[in-house]
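> Dropping the structure in here first, questions after.
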Amino acid sequence: MVGGTRASRDKGASATVALALGALVALTLAGTLGFMITEGLRFVDALYMAVITLSTVGYQEVAPATVAGRVFTIGFIVVGVGTALYTVVVVAEYLIEGRLREAWGRRAMERSIQGLRGHVIVCGYGRLGRAVKERLEAERMDVVVVDPDPAIGQELEAEGCTYVTGSALEEPVLRQAGIADARAIVVATPSDPDNVFVALSARELNPGIAVHARGETAPGMRRLRLAGADQVISIHNVGGQRIANAILRPAVVDFIELASPAGGLPFDLEEVALAAGCSLDGEPLGSLETHQLNVSVVAITRDQEETQLMPGGDHVLRAGDRVVAVGARDHLARFAALAQARI
């Protein structure tokens, strides 16, 4: 809605400028024709008289003015000078306002990004970057998009999304995107060398950031892992596996898709991290029933240990555990709150 309003305003301002300039050109031609008729001047001399009259410069007349010429000049001054001044004002206002609006908008965007903490930076706004951004926004997560295409910036501004126009290969651009305070960065450009460079820069600027990178080739994916990427994804491999699983295990794929918030069902798969000193720290899984939580824990990951699938009720939870659970969304929300609340 904001983007539409601004587009309508810009379109109206452009139409006003075009109308004013058209009126000025028409008036100049009319004045030229009038001087040719009343004074018998050649076209160039008549055009000269029309221009110096409209501009109020007041150079010497080309020829002595006749009575008819003076009467025409008076009328031309009354009508023409006001129109010329109006045109100058409209054009100047259009140019100055556009520059100021652009500067104010850019400054407001910078302040908005500076206030973010724990956001996700998406580098490259192609089909993959767009899908990631939309999914994260659906989960109410703050996202900053980095892309060198100014047209994409205008699109994102119309959507109300924070963005930085520039190349993620440049450290100042990553700093402007708030990489020091970001929780994760998604490197989604179609170039393996660029993705490796961005992953290295991100790791240097924020050693604790989670780096999720797109890999196009096997060597590129290997180098991304060497560059410190936490997760390297080949969209071709993922797409192929998704199709194969839909053929081999259609019910499982349908369940996973329906369990997502976009699936419309009241249950979900969620990963919950246990904070130190939370009420669940040191308790067995079976104690979840005492909290009246109707969730099923399907996996637990602890530090560098191997992920435990379907742990039993006697498994003791520890701070730092990452617990994958399935259940009703309201119960999962309560589970996450207990995992973060300190005693």
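Numbering starts fresh at 1 for the residues of each chain in the structure tokens, the chains themselves are lettered A, B, ... in the order given, and ligands are numbered from 1 as they appear.
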DSSP says strand (DSSP E or B) for which residues of segment 172-333 of chain A? Put them as a ChimeraX atom specification?
/A:184-187,210-214,231-233,267-273,278,284,295-301,308-309,316,322-328
> Excluding segment 223-237 of chain A and residues on its chain fewer than 3 positions from it, collect all residues at most 8 Å away from it, counting only C-alpha atoms, and give them as a list of chain:residue names.
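So, after excluding close chain neighbours, the residues are A:Asn195, A:Val196, A:Ala199, A:Leu200, A:Arg203, A:Ala210, A:Val211, A:His212, A:Ala213, A:Arg214, A:Gly215, A:Glu216, A:Thr217, A:Pro219, A:Gly220, A:Gly240, A:Gln241.
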> At a cut-off of 10 Å, using only C-alpha atoms, what residues contact segment 274-286 of chain A? Leave out same-chain residues fewer than 5 positions from it and give the result as a ChimeraX atom specification.
/A:291,296-297,311-323,335-343
> Out of A:Val81, A:Cys123, A:Met141, A:Ile52, which residue has the shortest atom-to-atom distance to Ile179 of chain A when counting only C-alpha atoms?
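Checking each candidate against Ile179 of chain A, we get A:Cys123 as the closest.
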> Let me make sure I understand: among A:Asp142, A:Asp303, A:Glu171, A:Asp45, which one has the smallest atom-to-atom distance to Arg183 of chain A if we use only C-alpha atoms?
A:Asp142
> Quick one, how far is atom CA of Arg242 of chain A from atom CA of Leu128 of chain A?
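Atom CA of Leu128 of chain A lies at a distance of 15.5 Å from atom CA of Arg242 of chain A.
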> Neighbouring residues of Ile121 of chain A were defined as those with any atom within 10 Å, considering only C-alpha atoms; residues of the same chain fewer than 4 positions away were excluded. Please report them as a list in words.
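So the residues in contact are Gly129, Lys133, Asp142, Val143, Val144, Val145, Val146, Thr162, Tyr163, Val164, Leu174, Ala177, Gly178, Ile179, Ala182, Arg183, Ala184, Ile185, Val186, Val187 and Val211 of chain A.
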> Restrict the selected residues to N, CA and C atoms and save them as a PDB file, in the first residue's frame.

```
ATOM      1  N   GLY A 129      16.632 -16.819  -2.985  1.00  0.00           N
ATOM      2  CA  GLY A 129      16.631 -15.777  -1.966  1.00  0.00           C
ATOM      3  C   GLY A 129      15.226 -15.290  -1.654  1.00  0.00           C
ATOM      4  N   LYS A 133      13.406 -15.509   1.993  1.00  0.00           N
ATOM      5  CA  LYS A 133      12.895 -14.295   2.628  1.00  0.00           C
ATOM      6  C   LYS A 133      11.421 -14.421   2.996  1.00  0.00           C
ATOM      7  N   ASP A 142      13.056 -11.002  11.330  1.00  0.00           N
ATOM      8  CA  ASP A 142      13.584  -9.841  10.620  1.00  0.00           C
ATOM      9  C   ASP A 142      14.584 -10.280   9.555  1.00  0.00           C
ATOM     10  N   VAL A 143      14.437  -9.723   8.353  1.00  0.00           N
ATOM     11  CA  VAL A 143      15.283 -10.088   7.216  1.00  0.00           C
ATOM     12  C   VAL A 143      15.821  -8.831   6.563  1.00  0.00           C
ATOM     13  N   VAL A 144      17.104  -8.859   6.193  1.00  0.00           N
ATOM     14  CA  VAL A 144      17.720  -7.787   5.409  1.00  0.00           C
ATOM     15  C   VAL A 144      18.244  -8.412   4.120  1.00  0.00           C
ATOM     16  N   VAL A 145      17.766  -7.925   2.994  1.00  0.00           N
ATOM     17  CA  VAL A 145      18.178  -8.455   1.692  1.00  0.00           C
ATOM     18  C   VAL A 145      19.313  -7.597   1.135  1.00  0.00           C
ATOM     19  N   VAL A 146      20.332  -8.250   0.609  1.00  0.00           N
ATOM     20  CA  VAL A 146      21.459  -7.556  -0.034  1.00  0.00           C
ATOM     21  C   VAL A 146      21.489  -7.967  -1.499  1.00  0.00           C
ATOM     22  N   THR A 162      13.343  -4.483   4.640  1.00  0.00           N
ATOM     23  CA  THR A 162      14.624  -3.790   4.740  1.00  0.00           C
ATOM     24  C   THR A 162      15.612  -4.399   3.747  1.00  0.00           C
ATOM     25  N   TYR A 163      16.453  -3.564   3.165  1.00  0.00           N
ATOM     26  CA  TYR A 163      17.381  -4.036   2.144  1.00  0.00           C
ATOM     27  C   TYR A 163      18.577  -3.104   2.061  1.00  0.00           C
ATOM     28  N   VAL A 164      19.629  -3.609   1.413  1.00  0.00           N
ATOM     29  CA  VAL A 164      20.811  -2.813   1.103  1.00  0.00           C
ATOM     30  C   VAL A 164      21.135  -3.042  -0.358  1.00  0.00           C
ATOM     31  N   LEU A 174      28.167  -5.470   3.744  1.00  0.00           N
ATOM     32  CA  LEU A 174      27.777  -6.417   4.791  1.00  0.00           C
ATOM     33  C   LEU A 174      27.656  -5.717   6.144  1.00  0.00           C
ATOM     34  N   ALA A 177      24.473  -3.948   6.304  1.00  0.00           N
ATOM     35  CA  ALA A 177      23.355  -4.872   6.514  1.00  0.00           C
ATOM     36  C   ALA A 177      23.274  -5.360   7.955  1.00  0.00           C
ATOM     37  N   GLY A 178      24.190  -4.904   8.806  1.00  0.00           N
ATOM     38  CA  GLY A 178      24.151  -5.266  10.217  1.00  0.00           C
ATOM     39  C   GLY A 178      24.682  -6.653  10.513  1.00  0.00           C
ATOM     40  N   ILE A 179      25.734  -7.061   9.810  1.00  0.00           N
ATOM     41  CA  ILE A 179      26.226  -8.419   9.982  1.00  0.00           C
ATOM     42  C   ILE A 179      26.771  -8.668  11.383  1.00  0.00           C
ATOM     43  N   ALA A 182      23.785  -9.904  13.304  1.00  0.00           N
ATOM     44  CA  ALA A 182      22.902 -10.889  12.663  1.00  0.00           C
ATOM     45  C   ALA A 182      23.110 -12.275  13.256  1.00  0.00           C
ATOM     46  N   ARG A 183      22.060 -13.064  13.256  1.00  0.00           N
ATOM     47  CA  ARG A 183      22.157 -14.433  13.752  1.00  0.00           C
ATOM     48  C   ARG A 183      22.555 -15.409  12.649  1.00  0.00           C
ATOM     49  N   ALA A 184      22.221 -15.056  11.393  1.00  0.00           N
ATOM     50  CA  ALA A 184      22.520 -15.960  10.279  1.00  0.00           C
ATOM     51  C   ALA A 184      22.614 -15.170   8.990  1.00  0.00           C
ATOM     52  N   ILE A 185      23.326 -15.745   8.036  1.00  0.00           N
ATOM     53  CA  ILE A 185      23.420 -15.163   6.699  1.00  0.00           C
ATOM     54  C   ILE A 185      23.171 -16.266   5.686  1.00  0.00           C
ATOM     55  N   VAL A 186      22.356 -15.965   4.693  1.00  0.00           N
ATOM     56  CA  VAL A 186      22.050 -16.900   3.616  1.00  0.00           C
ATOM     57  C   VAL A 186      22.733 -16.390   2.363  1.00  0.00           C
ATOM     58  N   VAL A 187      23.697 -17.146   1.860  1.00  0.00           N
ATOM     59  CA  VAL A 187      24.456 -16.749   0.677  1.00  0.00           C
ATOM     60  C   VAL A 187      23.852 -17.486  -0.509  1.00  0.00           C
ATOM     61  N   VAL A 211      26.240 -19.588   8.867  1.00  0.00           N
ATOM     62  CA  VAL A 211      26.366 -19.335   7.430  1.00  0.00           C
ATOM     63  C   VAL A 211      25.682 -20.472   6.664  1.00  0.00           C
TER      64      VAL A 211
END
```
> Please extract the residues of segment 76-319 of chain A with a backbone DSSP assignment of alpha helix (DSSP H) and present them as an MDAnalysis selection string.
chainID A and resid 76:114 127:138 150:159 171:176 192:205 218:226 235:248 250:258
> So that I can see what lies close to Arg175 of chain A, please list as a PyMOL selection string the residues with an atom at most 10 Å from it, counting only C-alpha atoms and leaving out residues fewer than 4 positions away in the same chain.
chain A and resi 114+168+170-171+179-181+202+205-206
> Atom CA of Arg135 of chain A to atom CA of Gly153 of chain A: how many Å, to one decimal?
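Going from atom CA of Arg135 of chain A over to atom CA of Gly153 of chain A, I get 18.9 Å.
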